[in-house]
file structure.csv (CSV, N, CA and C atoms)
chain,number,residue,atom,x,y,z
A,1439,MET,N,-0.5,-12.0,24.3
A,1439,MET,CA,-0.6,-11.1,23.2
A,1439,MET,C,0.3,-9.9,23.3
A,1440,PRO,N,0.3,-9.3,24.5
A,1440,PRO,CA,1.2,-8.1,24.6
A,1440,PRO,C,2.7,-8.4,24.3
A,1441,GLN,N,3.2,-9.6,24.6
A,1441,GLN,CA,4.5,-10.0,24.3
A,1441,GLN,C,4.7,-10.0,22.7
A,1442,LYS,N,3.7,-10.5,22.0
A,1442,LYS,CA,3.9,-10.5,20.5
A,1442,LYS,C,3.9,-9.1,20.0
A,1443,GLU,N,3.1,-8.2,20.5
A,1443,GLU,CA,3.1,-6.8,20.0
A,1443,GLU,C,4.5,-6.2,20.4
A,1444,ALA,N,5.1,-6.5,21.5
A,1444,ALA,CA,6.4,-5.9,21.9
A,1444,ALA,C,7.4,-6.4,20.9
A,1445,THR,N,7.3,-7.7,20.5
A,1445,THR,CA,8.3,-8.3,19.6
A,1445,THR,C,8.1,-7.7,18.2
A,1446,ARG,N,6.9,-7.5,17.8
A,1446,ARG,CA,6.6,-6.8,16.5
A,1446,ARG,C,7.2,-5.5,16.4
A,1447,ARG,N,7.1,-4.7,17.5
A,1447,ARG,CA,7.7,-3.4,17.6
A,1447,ARG,C,9.2,-3.5,17.5
A,1448,GLU,N,9.8,-4.5,18.2
A,1448,GLU,CA,11.2,-4.7,18.2
A,1448,GLU,C,11.7,-5.0,16.8
A,1449,ILE,N,11.0,-5.9,16.1
A,1449,ILE,CA,11.4,-6.2,14.7
A,1449,ILE,C,11.3,-5.0,13.8
A,1450,ALA,N,10.2,-4.2,13.9
A,1450,ALA,CA,10.0,-3.0,13.1
A,1450,ALA,C,11.2,-2.0,13.4
A,1451,GLN,N,11.6,-2.0,14.6
A,1451,GLN,CA,12.7,-1.0,15.0
A,1451,GLN,C,14.0,-1.5,14.4
A,1452,LEU,N,14.2,-2.7,14.1
A,1452,LEU,CA,15.5,-3.2,13.5
A,1452,LEU,C,15.8,-2.5,12.1
A,1453,PHE,N,14.7,-2.1,11.4
A,1453,PHE,CA,15.0,-1.3,10.2
A,1453,PHE,C,15.8,0.0,10.5
A,1454,HIS,N,15.4,0.6,11.6
A,1454,HIS,CA,16.0,1.9,12.0
A,1454,HIS,C,17.5,1.7,12.4
A,1455,VAL,N,17.7,0.5,13.1
A,1455,VAL,CA,19.1,0.2,13.4
A,1455,VAL,C,19.9,0.0,12.2
A,1456,TRP,N,19.4,-0.7,11.2
A,1456,TRP,CA,20.0,-1.0,9.9
A,1456,TRP,C,20.3,0.3,9.2
A,1457,ASN,N,19.3,1.2,9.1
A,1457,ASN,CA,19.4,2.5,8.5
A,1457,ASN,C,20.4,3.4,9.1
A,1458,GLU,N,20.5,3.4,10.4
A,1458,GLU,CA,21.5,4.1,11.1
A,1458,GLU,C,22.9,3.6,10.8
A,1459,ALA,N,23.0,2.3,10.7
A,1459,ALA,CA,24.3,1.7,10.3
A,1459,ALA,C,24.7,2.1,8.9
A,1460,LEU,N,23.7,2.2,8.0
A,1460,LEU,CA,24.0,2.7,6.7
A,1460,LEU,C,24.6,4.1,6.7
A,1461,GLN,N,23.9,4.9,7.5
A,1461,GLN,CA,24.3,6.4,7.6
A,1461,GLN,C,25.6,6.6,8.3
A,1462,SER,N,26.1,5.6,9.0
A,1462,SER,CA,27.4,5.7,9.6
A,1462,SER,C,28.5,5.7,8.6
A,1463,GLY,N,28.2,5.1,7.4
A,1463,GLY,CA,29.2,5.0,6.3
A,1463,GLY,C,30.2,3.9,6.5
A,1464,ASP,N,30.0,3.0,7.5
A,1464,ASP,CA,30.9,2.0,7.9
A,1464,ASP,C,30.3,0.6,7.4
A,1465,PRO,N,30.9,0.0,6.3
A,1465,PRO,CA,30.4,-1.2,5.8
A,1465,PRO,C,30.5,-2.4,6.8
A,1466,LYS,N,31.5,-2.3,7.7
A,1466,LYS,CA,31.6,-3.4,8.8
A,1466,LYS,C,30.5,-3.3,9.8
A,1467,ARG,N,30.0,-2.1,10.1
A,1467,ARG,CA,28.9,-1.9,11.0
A,1467,ARG,C,27.6,-2.5,10.4
A,1468,VAL,N,27.4,-2.2,9.1
A,1468,VAL,CA,26.2,-2.8,8.5
A,1468,VAL,C,26.3,-4.3,8.4
A,1469,SER,N,27.4,-4.8,7.9
A,1469,SER,CA,27.5,-6.2,7.7
A,1469,SER,C,27.5,-7.0,9.0
A,1470,ALA,N,27.8,-6.4,10.1
A,1470,ALA,CA,27.7,-7.0,11.4
A,1470,ALA,C,26.3,-7.3,11.8
A,1471,LEU,N,25.3,-6.7,11.2
A,1471,LEU,CA,23.9,-6.9,11.5
A,1471,LEU,C,23.4,-8.2,10.8
A,1472,TYR,N,24.2,-8.8,9.9
A,1472,TYR,CA,23.9,-10.0,9.1
A,1472,TYR,C,24.5,-11.2,9.8
A,1473,ALA,N,23.8,-12.3,9.9
A,1473,ALA,CA,24.4,-13.6,10.3
A,1473,ALA,C,25.4,-14.1,9.4
A,1474,PRO,N,26.4,-14.9,9.9
A,1474,PRO,CA,27.4,-15.4,9.0
A,1474,PRO,C,26.9,-16.2,7.8
A,1475,ASP,N,25.7,-16.8,7.9
A,1475,ASP,CA,25.2,-17.6,6.9
A,1475,ASP,C,24.1,-16.9,6.1
A,1476,ALA,N,24.0,-15.5,6.2
A,1476,ALA,CA,23.0,-14.7,5.6
A,1476,ALA,C,23.1,-14.7,4.1
A,1477,THR,N,22.0,-14.5,3.4
A,1477,THR,CA,21.9,-14.2,2.0
A,1477,THR,C,21.4,-12.9,1.7
A,1478,LEU,N,22.1,-12.1,0.9
A,1478,LEU,CA,21.7,-10.7,0.5
A,1478,LEU,C,21.4,-10.7,-1.0
A,1479,LEU,N,20.2,-10.3,-1.3
A,1479,LEU,CA,19.9,-10.1,-2.7
A,1479,LEU,C,19.6,-8.6,-2.9
A,1480,PRO,N,20.7,-7.9,-3.2
A,1480,PRO,CA,20.7,-6.4,-3.1
A,1480,PRO,C,20.0,-5.7,-4.3
A,1481,THR,N,19.6,-4.5,-4.0
A,1481,THR,CA,18.9,-3.7,-5.0
A,1481,THR,C,19.8,-3.3,-6.2
A,1482,LEU,N,21.1,-3.0,-6.0
A,1482,LEU,CA,21.9,-2.4,-7.0
A,1482,LEU,C,23.1,-3.3,-7.4
A,1483,SER,N,22.8,-4.6,-7.3
A,1483,SER,CA,23.9,-5.6,-7.8
A,1483,SER,C,23.1,-6.8,-8.2
A,1484,LYS,N,23.7,-7.4,-9.3
A,1484,LYS,CA,23.1,-8.7,-9.8
A,1484,LYS,C,23.7,-9.9,-9.0
A,1485,GLU,N,24.8,-9.6,-8.2
A,1485,GLU,CA,25.4,-10.7,-7.5
A,1485,GLU,C,24.7,-11.0,-6.2
A,1486,VAL,N,24.4,-12.3,-6.0
A,1486,VAL,CA,23.9,-12.8,-4.7
A,1486,VAL,C,25.0,-12.9,-3.7
A,1487,ARG,N,24.8,-12.3,-2.6
A,1487,ARG,CA,25.9,-12.2,-1.6
A,1487,ARG,C,25.6,-13.2,-0.5
A,1488,GLN,N,26.5,-14.2,-0.3
A,1488,GLN,CA,26.2,-15.3,0.7
A,1488,GLN,C,27.4,-15.5,1.7
A,1489,THR,N,28.3,-14.6,1.7
A,1489,THR,CA,29.4,-14.7,2.8
A,1489,THR,C,29.5,-13.3,3.4
A,1490,PRO,N,30.0,-13.3,4.7
A,1490,PRO,CA,30.2,-12.0,5.3
A,1490,PRO,C,31.0,-11.0,4.5
A,1491,ASP,N,32.1,-11.5,3.8
A,1491,ASP,CA,32.9,-10.6,3.0
A,1491,ASP,C,32.1,-10.1,1.8
A,1492,ALA,N,31.3,-10.9,1.2
A,1492,ALA,CA,30.5,-10.5,0.0
A,1492,ALA,C,29.5,-9.4,0.4
A,1493,VAL,N,28.9,-9.6,1.6
A,1493,VAL,CA,27.9,-8.6,2.1
A,1493,VAL,C,28.6,-7.3,2.4
A,1494,GLU,N,29.7,-7.4,3.1
A,1494,GLU,CA,30.5,-6.2,3.3
A,1494,GLU,C,30.9,-5.5,2.0
A,1495,ASP,N,31.3,-6.3,1.1
A,1495,ASP,CA,31.8,-5.7,-0.2
A,1495,ASP,C,30.6,-4.9,-0.9
A,1496,TYR,N,29.4,-5.4,-0.9
A,1496,TYR,CA,28.3,-4.7,-1.4
A,1496,TYR,C,28.1,-3.4,-0.7
A,1497,PHE,N,28.1,-3.4,0.6
A,1497,PHE,CA,27.9,-2.2,1.3
A,1497,PHE,C,29.0,-1.2,1.2
A,1498,GLU,N,30.2,-1.6,0.9
A,1498,GLU,CA,31.3,-0.7,0.6
A,1498,GLU,C,31.0,0.2,-0.6
A,1499,ASP,N,30.4,-0.3,-1.6
A,1499,ASP,CA,30.0,0.5,-2.8
A,1499,ASP,C,28.7,1.2,-2.5
A,1500,PHE,N,27.7,0.6,-1.9
A,1500,PHE,CA,26.4,1.2,-1.7
A,1500,PHE,C,26.5,2.4,-0.7
A,1501,LEU,N,27.3,2.3,0.3
A,1501,LEU,CA,27.5,3.4,1.2
A,1501,LEU,C,28.1,4.7,0.6
A,1502,LYS,N,28.8,4.5,-0.5
A,1502,LYS,CA,29.3,5.7,-1.2
A,1502,LYS,C,28.2,6.6,-1.7
A,1503,LEU,N,27.0,6.1,-1.8
A,1503,LEU,CA,25.8,6.8,-2.3
A,1503,LEU,C,25.1,7.6,-1.1
A,1504,LYS,N,25.7,7.5,0.1
A,1504,LYS,CA,25.1,8.1,1.3
A,1504,LYS,C,23.6,7.8,1.4
A,1505,PRO,N,23.2,6.6,1.5
A,1505,PRO,CA,21.8,6.3,1.5
A,1505,PRO,C,21.1,6.6,2.8
A,1506,LYS,N,19.9,7.1,2.7
A,1506,LYS,CA,19.0,7.3,3.8
A,1506,LYS,C,17.6,6.7,3.5
A,1507,GLY,N,17.3,5.7,4.3
A,1507,GLY,CA,16.0,5.0,4.0
A,1507,GLY,C,14.9,5.4,4.9
A,1508,ALA,N,13.7,5.2,4.4
A,1508,ALA,CA,12.4,5.4,5.2
A,1508,ALA,C,11.4,4.4,4.8
A,1509,ILE,N,10.7,3.9,5.8
A,1509,ILE,CA,9.7,2.9,5.6
A,1509,ILE,C,8.4,3.6,5.1
A,1510,ILE,N,7.8,3.1,4.0
A,1510,ILE,CA,6.5,3.5,3.5
A,1510,ILE,C,5.5,2.6,4.1
A,1511,HIS,N,5.7,1.3,4.0
A,1511,HIS,CA,4.7,0.3,4.5
A,1511,HIS,C,5.5,-0.9,4.9
A,1512,GLN,N,5.1,-1.5,6.0
A,1512,GLN,CA,5.8,-2.7,6.5
A,1512,GLN,C,4.8,-3.7,7.1
A,1513,ASN,N,5.2,-4.9,7.0
A,1513,ASN,CA,4.4,-6.0,7.6
A,1513,ASN,C,5.3,-6.9,8.4
A,1514,VAL,N,5.1,-7.0,9.7
A,1514,VAL,CA,5.9,-7.9,10.5
A,1514,VAL,C,5.2,-9.2,10.8
A,1515,SER,N,5.9,-10.3,10.6
A,1515,SER,CA,5.3,-11.6,10.9
A,1515,SER,C,6.3,-12.3,11.8
A,1516,LEU,N,5.8,-13.1,12.8
A,1516,LEU,CA,6.6,-13.8,13.8
A,1516,LEU,C,6.4,-15.3,13.7
A,1517,TYR,N,7.5,-16.0,13.7
A,1517,TYR,CA,7.6,-17.4,13.6
A,1517,TYR,C,8.7,-17.9,14.5
A,1518,ASP,N,8.6,-17.7,15.8
A,1518,ASP,CA,9.7,-17.9,16.7
A,1518,ASP,C,10.6,-19.2,16.4
A,1519,PRO,N,11.9,-19.0,16.2
A,1519,PRO,CA,12.7,-17.9,16.5
A,1519,PRO,C,13.0,-17.0,15.2
A,1520,ILE,N,12.1,-17.0,14.3
A,1520,ILE,CA,12.3,-16.3,13.0
A,1520,ILE,C,11.2,-15.2,13.0
A,1521,ALA,N,11.6,-14.0,12.4
A,1521,ALA,CA,10.7,-12.9,12.2
A,1521,ALA,C,11.0,-12.4,10.8
A,1522,ILE,N,9.9,-11.9,10.2
A,1522,ILE,CA,10.0,-11.3,8.8
A,1522,ILE,C,9.4,-9.9,8.8
A,1523,ASN,N,10.1,-9.0,8.2
A,1523,ASN,CA,9.6,-7.7,8.0
A,1523,ASN,C,9.7,-7.4,6.5
A,1524,SER,N,8.5,-7.2,5.9
A,1524,SER,CA,8.5,-7.0,4.4
A,1524,SER,C,7.6,-5.8,4.1
A,1525,GLY,N,7.9,-5.1,3.0
A,1525,GLY,CA,7.1,-4.0,2.6
A,1525,GLY,C,7.8,-3.1,1.6
A,1526,VAL,N,7.6,-1.8,1.7
A,1526,VAL,CA,8.1,-0.9,0.7
A,1526,VAL,C,8.8,0.2,1.5
A,1527,TYR,N,10.0,0.6,0.9
A,1527,TYR,CA,10.8,1.6,1.5
A,1527,TYR,C,11.3,2.6,0.4
A,1528,SER,N,11.6,3.8,0.9
A,1528,SER,CA,12.2,4.8,-0.1
A,1528,SER,C,13.7,5.0,0.4
A,1529,PHE,N,14.4,5.4,-0.6
A,1529,PHE,CA,15.8,5.8,-0.3
A,1529,PHE,C,16.2,7.1,-1.0
A,1530,GLU,N,16.9,7.9,-0.3
A,1530,GLU,CA,17.5,9.1,-0.8
A,1530,GLU,C,19.0,8.7,-1.0
A,1531,THR,N,19.5,8.9,-2.1
A,1531,THR,CA,21.0,8.7,-2.3
A,1531,THR,C,21.6,9.9,-2.9
A,1532,THR,N,22.9,10.1,-2.8
A,1532,THR,CA,23.6,11.2,-3.4
A,1532,THR,C,24.7,10.7,-4.2
A,1533,GLN,N,24.8,11.1,-5.5
A,1533,GLN,CA,25.8,10.7,-6.4
A,1533,GLN,C,26.3,12.0,-7.1
A,1534,ASN,N,27.6,12.3,-7.0
A,1534,ASN,CA,28.2,13.5,-7.6
A,1534,ASN,C,27.4,14.7,-7.2
A,1535,GLY,N,27.0,14.8,-6.0
A,1535,GLY,CA,26.3,15.9,-5.4
A,1535,GLY,C,24.9,16.0,-5.8
A,1536,VAL,N,24.3,15.1,-6.6
A,1536,VAL,CA,22.9,15.1,-7.0
A,1536,VAL,C,22.1,14.1,-6.2
A,1537,LYS,N,21.0,14.5,-5.6
A,1537,LYS,CA,20.2,13.6,-4.9
A,1537,LYS,C,19.3,12.8,-5.8
A,1538,HIS,N,19.1,11.5,-5.5
A,1538,HIS,CA,18.2,10.7,-6.2
A,1538,HIS,C,17.3,10.0,-5.2
A,1539,TYR,N,16.1,9.7,-5.7
A,1539,TYR,CA,15.1,9.1,-4.8
A,1539,TYR,C,14.6,7.8,-5.5
A,1540,LEU,N,14.7,6.7,-4.7
A,1540,LEU,CA,14.3,5.4,-5.1
A,1540,LEU,C,13.2,4.8,-4.3
A,1541,ILE,N,12.3,4.0,-4.8
A,1541,ILE,CA,11.3,3.3,-4.0
A,1541,ILE,C,11.6,1.8,-4.3
A,1542,GLY,N,11.6,1.1,-3.3
A,1542,GLY,CA,11.9,-0.4,-3.5
A,1542,GLY,C,11.0,-1.2,-2.6
A,1543,ARG,N,11.0,-2.5,-2.9
A,1543,ARG,CA,10.4,-3.5,-2.0
A,1543,ARG,C,11.5,-4.2,-1.2
A,1544,PHE,N,11.1,-4.6,0.0
A,1544,PHE,CA,12.1,-5.3,0.8
A,1544,PHE,C,11.5,-6.5,1.6
A,1545,THR,N,12.4,-7.4,1.9
A,1545,THR,CA,12.1,-8.5,2.8
A,1545,THR,C,13.3,-8.7,3.7
A,1546,PHE,N,13.2,-8.5,5.0
A,1546,PHE,CA,14.2,-8.9,5.9
A,1546,PHE,C,13.7,-10.1,6.7
A,1547,VAL,N,14.5,-11.1,6.7
A,1547,VAL,CA,14.2,-12.3,7.6
A,1547,VAL,C,15.3,-12.3,8.7
A,1548,TYR,N,14.8,-12.3,9.9
A,1548,TYR,CA,15.7,-12.3,11.1
A,1548,TYR,C,15.6,-13.6,11.9
A,1549,ARG,N,16.7,-14.0,12.5
A,1549,ARG,CA,16.8,-15.1,13.4
A,1549,ARG,C,17.3,-14.7,14.7
A,1550,LYS,N,16.7,-15.1,15.8
A,1550,LYS,CA,17.1,-14.7,17.1
A,1550,LYS,C,18.3,-15.6,17.4
A,1551,GLU,N,19.4,-14.9,17.7
A,1551,GLU,CA,20.7,-15.6,18.1
A,1551,GLU,C,21.1,-15.0,19.5
A,1552,GLY,N,20.8,-15.8,20.5
A,1552,GLY,CA,21.1,-15.3,21.9
A,1552,GLY,C,20.1,-14.2,22.2
A,1553,ASP,N,20.6,-13.0,22.5
A,1553,ASP,CA,19.7,-11.8,22.7
A,1553,ASP,C,19.6,-10.9,21.5
A,1554,GLU,N,20.2,-11.3,20.4
A,1554,GLU,CA,20.2,-10.4,19.2
A,1554,GLU,C,19.4,-11.0,18.1
A,1555,TRP,N,18.8,-10.2,17.3
A,1555,TRP,CA,18.2,-10.6,16.0
A,1555,TRP,C,19.2,-10.3,14.9
A,1556,LYS,N,19.5,-11.3,14.1
A,1556,LYS,CA,20.4,-11.2,13.0
A,1556,LYS,C,19.7,-11.3,11.7
A,1557,ILE,N,20.1,-10.6,10.7
A,1557,ILE,CA,19.5,-10.7,9.4
A,1557,ILE,C,20.0,-12.0,8.8
A,1558,ILE,N,19.1,-12.9,8.3
A,1558,ILE,CA,19.6,-14.1,7.7
A,1558,ILE,C,19.2,-14.1,6.2
A,1559,GLU,N,18.2,-13.3,5.8
A,1559,GLU,CA,17.8,-13.2,4.4
A,1559,GLU,C,17.4,-11.7,4.2
A,1560,HIS,N,17.9,-11.1,3.2
A,1560,HIS,CA,17.5,-9.7,2.8
A,1560,HIS,C,17.4,-9.6,1.3
A,1561,HIS,N,16.2,-9.3,0.9
A,1561,HIS,CA,15.9,-9.1,-0.5
A,1561,HIS,C,15.4,-7.7,-0.7
A,1562,SER,N,16.0,-7.0,-1.7
A,1562,SER,CA,15.6,-5.6,-2.0
A,1562,SER,C,15.5,-5.5,-3.5
A,1563,SER,N,14.5,-4.9,-4.0
A,1563,SER,CA,14.4,-4.7,-5.4
A,1563,SER,C,13.6,-3.4,-5.7
A,1564,MET,N,13.9,-2.8,-6.8
A,1564,MET,CA,13.3,-1.5,-7.2
A,1564,MET,C,11.8,-1.8,-7.5
A,1565,MET,N,11.0,-0.8,-7.1
A,1565,MET,CA,9.5,-0.9,-7.4
A,1565,MET,C,9.3,-0.7,-8.9
A,1566,PRO,N,8.5,-1.6,-9.5
A,1566,PRO,CA,8.2,-1.4,-11.0
A,1566,PRO,C,7.5,-0.1,-11.2
A,1567,ASP,N,7.7,0.5,-12.4
A,1567,ASP,CA,7.0,1.8,-12.7
A,1567,ASP,C,5.5,1.7,-12.7
A,1568,ASP,N,5.0,0.5,-13.1
A,1568,ASP,CA,3.5,0.4,-13.1
A,1568,ASP,C,3.1,-0.9,-12.5

call {"tool": "encode", "arguments": {"input": "structure.csv", "output": "structure tokens"}}
result
Amino acid sequence: MPQKEATRREIAQLFHVWNEALQSGDPKRVSALYAPDATLLPTLSKEVRQTPDAVEDYFEDFLKLKPKGAIIHQNVSLYDPIAINSGVYSFETTQNGVKHYLIGRFTFVYRKEGDEWKIIEHHSSMMPDD
């Protein structure tokens, strides 16, 4: 059981790795966290991203908003060699010098590849008003 708790903490920490990559402003750094066969269903685009170039392209635009994320609620599930982190997060973005705050739902699905966890599925959507 202690091993599972350590893995749960490791998976929960991957959000912070991803968030730090966002704050770097480097779309290549963010897209490197995704497996080559990953699918991204992003918050601010209708386009499903299923190639490394398409994932990077999304983050080129998204990073212009200077996003800073924070977890509100998360649930980590383990299905070796797969892990899922889903929940609710908030984002602060800046556009034309004006800060905006968004709340969204997320699901990150990770697959262990060697010693690294890679994102294989990422779905993010705005929280409904009611």

call {"tool": "select_by_dssp", "arguments": {"input": "structure.csv", "residues": "range 1441-1564 of chain A", "states": "alpha helix (DSSP H)", "output": "NGL selection string"}}
result
:A and (1441-1462 or 1465-1469 or 1490-1500)

call {"tool": "write_last_selection", "arguments": {"input": "structure.csv", "atoms": "N, CA and C atoms", "output": "mmCIF file, in the coordinates of the input"}}
result
data_model
loop_
_atom_site.group_PDB
_atom_site.id
_atom_site.type_symbol
_atom_site.label_atom_id
_atom_site.label_comp_id
_atom_site.auth_asym_id
_atom_site.auth_seq_id
_atom_site.Cartn_x
_atom_site.Cartn_y
_atom_site.Cartn_z
ATOM 1 N N GLN A 1441 3.200 -9.600 24.600
ATOM 2 C CA GLN A 1441 4.500 -10.000 24.300
ATOM 3 C C GLN A 1441 4.700 -10.000 22.700
ATOM 4 N N LYS A 1442 3.700 -10.500 22.000
ATOM 5 C CA LYS A 1442 3.900 -10.500 20.500
ATOM 6 C C LYS A 1442 3.900 -9.100 20.000
ATOM 7 N N GLU A 1443 3.100 -8.200 20.500
ATOM 8 C CA GLU A 1443 3.100 -6.800 20.000
ATOM 9 C C GLU A 1443 4.500 -6.200 20.400
ATOM 10 N N ALA A 1444 5.100 -6.500 21.500
ATOM 11 C CA ALA A 1444 6.400 -5.900 21.900
ATOM 12 C C ALA A 1444 7.400 -6.400 20.900
ATOM 13 N N THR A 1445 7.300 -7.700 20.500
ATOM 14 C CA THR A 1445 8.300 -8.300 19.600
ATOM 15 C C THR A 1445 8.100 -7.700 18.200
ATOM 16 N N ARG A 1446 6.900 -7.500 17.800
ATOM 17 C CA ARG A 1446 6.600 -6.800 16.500
ATOM 18 C C ARG A 1446 7.200 -5.500 16.400
ATOM 19 N N ARG A 1447 7.100 -4.700 17.500
ATOM 20 C CA ARG A 1447 7.700 -3.400 17.600
ATOM 21 C C ARG A 1447 9.200 -3.500 17.500
ATOM 22 N N GLU A 1448 9.800 -4.500 18.200
ATOM 23 C CA GLU A 1448 11.200 -4.700 18.200
ATOM 24 C C GLU A 1448 11.700 -5.000 16.800
ATOM 25 N N ILE A 1449 11.000 -5.900 16.100
ATOM 26 C CA ILE A 1449 11.400 -6.200 14.700
ATOM 27 C C ILE A 1449 11.300 -5.000 13.800
ATOM 28 N N ALA A 1450 10.200 -4.200 13.900
ATOM 29 C CA ALA A 1450 10.000 -3.000 13.100
ATOM 30 C C ALA A 1450 11.200 -2.000 13.400
ATOM 31 N N GLN A 1451 11.600 -2.000 14.600
ATOM 32 C CA GLN A 1451 12.700 -1.000 15.000
ATOM 33 C C GLN A 1451 14.000 -1.500 14.400
ATOM 34 N N LEU A 1452 14.200 -2.700 14.100
ATOM 35 C CA LEU A 1452 15.500 -3.200 13.500
ATOM 36 C C LEU A 1452 15.800 -2.500 12.100
ATOM 37 N N PHE A 1453 14.700 -2.100 11.400
ATOM 38 C CA PHE A 1453 15.000 -1.300 10.200
ATOM 39 C C PHE A 1453 15.800 0.000 10.500
ATOM 40 N N HIS A 1454 15.400 0.600 11.600
ATOM 41 C CA HIS A 1454 16.000 1.900 12.000
ATOM 42 C C HIS A 1454 17.500 1.700 12.400
ATOM 43 N N VAL A 1455 17.700 0.500 13.100
ATOM 44 C CA VAL A 1455 19.100 0.200 13.400
ATOM 45 C C VAL A 1455 19.900 0.000 12.200
ATOM 46 N N TRP A 1456 19.400 -0.700 11.200
ATOM 47 C CA TRP A 1456 20.000 -1.000 9.900
ATOM 48 C C TRP A 1456 20.300 0.300 9.200
ATOM 49 N N ASN A 1457 19.300 1.200 9.100
ATOM 50 C CA ASN A 1457 19.400 2.500 8.500
ATOM 51 C C ASN A 1457 20.400 3.400 9.100
ATOM 52 N N GLU A 1458 20.500 3.400 10.400
ATOM 53 C CA GLU A 1458 21.500 4.100 11.100
ATOM 54 C C GLU A 1458 22.900 3.600 10.800
ATOM 55 N N ALA A 1459 23.000 2.300 10.700
ATOM 56 C CA ALA A 1459 24.300 1.700 10.300
ATOM 57 C C ALA A 1459 24.700 2.100 8.900
ATOM 58 N N LEU A 1460 23.700 2.200 8.000
ATOM 59 C CA LEU A 1460 24.000 2.700 6.700
ATOM 60 C C LEU A 1460 24.600 4.100 6.700
ATOM 61 N N GLN A 1461 23.900 4.900 7.500
ATOM 62 C CA GLN A 1461 24.300 6.400 7.600
ATOM 63 C C GLN A 1461 25.600 6.600 8.300
ATOM 64 N N SER A 1462 26.100 5.600 9.000
ATOM 65 C CA SER A 1462 27.400 5.700 9.600
ATOM 66 C C SER A 1462 28.500 5.700 8.600
ATOM 67 N N PRO A 1465 30.900 0.000 6.300
ATOM 68 C CA PRO A 1465 30.400 -1.200 5.800
ATOM 69 C C PRO A 1465 30.500 -2.400 6.800
ATOM 70 N N LYS A 1466 31.500 -2.300 7.700
ATOM 71 C CA LYS A 1466 31.600 -3.400 8.800
ATOM 72 C C LYS A 1466 30.500 -3.300 9.800
ATOM 73 N N ARG A 1467 30.000 -2.100 10.100
ATOM 74 C CA ARG A 1467 28.900 -1.900 11.000
ATOM 75 C C ARG A 1467 27.600 -2.500 10.400
ATOM 76 N N VAL A 1468 27.400 -2.200 9.100
ATOM 77 C CA VAL A 1468 26.200 -2.800 8.500
ATOM 78 C C VAL A 1468 26.300 -4.300 8.400
ATOM 79 N N SER A 1469 27.400 -4.800 7.900
ATOM 80 C CA SER A 1469 27.500 -6.200 7.700
ATOM 81 C C SER A 1469 27.500 -7.000 9.000
ATOM 82 N N PRO A 1490 30.000 -13.300 4.700
ATOM 83 C CA PRO A 1490 30.200 -12.000 5.300
ATOM 84 C C PRO A 1490 31.000 -11.000 4.500
ATOM 85 N N ASP A 1491 32.100 -11.500 3.800
ATOM 86 C CA ASP A 1491 32.900 -10.600 3.000
ATOM 87 C C ASP A 1491 32.100 -10.100 1.800
ATOM 88 N N ALA A 1492 31.300 -10.900 1.200
ATOM 89 C CA ALA A 1492 30.500 -10.500 0.000
ATOM 90 C C ALA A 1492 29.500 -9.400 0.400
ATOM 91 N N VAL A 1493 28.900 -9.600 1.600
ATOM 92 C CA VAL A 1493 27.900 -8.600 2.100
ATOM 93 C C VAL A 1493 28.600 -7.300 2.400
ATOM 94 N N GLU A 1494 29.700 -7.400 3.100
ATOM 95 C CA GLU A 1494 30.500 -6.200 3.300
ATOM 96 C C GLU A 1494 30.900 -5.500 2.000
ATOM 97 N N ASP A 1495 31.300 -6.300 1.100
ATOM 98 C CA ASP A 1495 31.800 -5.700 -0.200
ATOM 99 C C ASP A 1495 30.600 -4.900 -0.900
ATOM 100 N N TYR A 1496 29.400 -5.400 -0.900
ATOM 101 C CA TYR A 1496 28.300 -4.700 -1.400
ATOM 102 C C TYR A 1496 28.100 -3.400 -0.700
ATOM 103 N N PHE A 1497 28.100 -3.400 0.600
ATOM 104 C CA PHE A 1497 27.900 -2.200 1.300
ATOM 105 C C PHE A 1497 29.000 -1.200 1.200
ATOM 106 N N GLU A 1498 30.200 -1.600 0.900
ATOM 107 C CA GLU A 1498 31.300 -0.700 0.600
ATOM 108 C C GLU A 1498 31.000 0.200 -0.600
ATOM 109 N N ASP A 1499 30.400 -0.300 -1.600
ATOM 110 C CA ASP A 1499 30.000 0.500 -2.800
ATOM 111 C C ASP A 1499 28.700 1.200 -2.500
ATOM 112 N N PHE A 1500 27.700 0.600 -1.900
ATOM 113 C CA PHE A 1500 26.400 1.200 -1.700
ATOM 114 C C PHE A 1500 26.500 2.400 -0.700
#

call {"tool": "atom_distance", "arguments": {"input": "structure.csv", "atom1": "atom N of Val1526 in chain A", "atom2": "CA of Ile1509 in chain A"}}
result
6.5 Å

call {"tool": "closest_residue", "arguments": {"input": "structure.csv", "among": "A:Ser1462, A:Ser1528, A:Ser1515, A:Asp1568", "to": "Glu1448 in chain A", "atoms": "only C-alpha atoms"}}
result
A:Ser1515

call {"tool": "residues_around", "arguments": {"input": "structure.csv", "residues": "range 1505-1508 of chain A", "least_positions_apart": "2", "cutoff": "7 Å", "atoms": "only C-alpha atoms", "output": "count of residues only"}}
result
11

call {"tool": "residues_around", "arguments": {"input": "structure.csv", "residues": "range 1543-1549 of chain A", "least_positions_apart": "5", "cutoff": "6 Å", "atoms": "all atoms listed in the file", "output": "ChimeraX atom specification"}}
result
/A:1519-1527,1554-1565

call {"tool": "closest_residue", "arguments": {"input": "structure.csv", "among": "A:Ile1541, A:Val1514, A:Val1468, A:Ala1476", "to": "Arg1447 in chain A", "atoms": "only C-alpha atoms"}}
result
A:Val1514

call {"tool": "atom_distance", "arguments": {"input": "structure.csv", "atom1": "atom N of Gly1535 in chain A", "atom2": "CA of Ser1483 in chain A"}}
result
20.7 Å

call {"tool": "select_by_dssp", "arguments": {"input": "structure.csv", "residues": "chain A", "states": "strand (DSSP E)", "output": "PyMOL selection string"}}
result
chain A and resi 1472-1479+1506-1517+1520-1533+1536-1551+1554-1564

call {"tool": "atom_distance", "arguments": {"input": "structure.csv", "atom1": "atom N of Pro1480 in chain A", "atom2": "atom C of Phe1497 in chain A"}}
result
11.5 Å

call {"tool": "closest_residue", "arguments": {"input": "structure.csv", "among": "A:Pro1566, A:Ala1473, A:Lys1502, A:Pro1465", "to": "Gln1533 in chain A", "atoms": "only N, CA and C atoms"}}
result
A:Lys1502
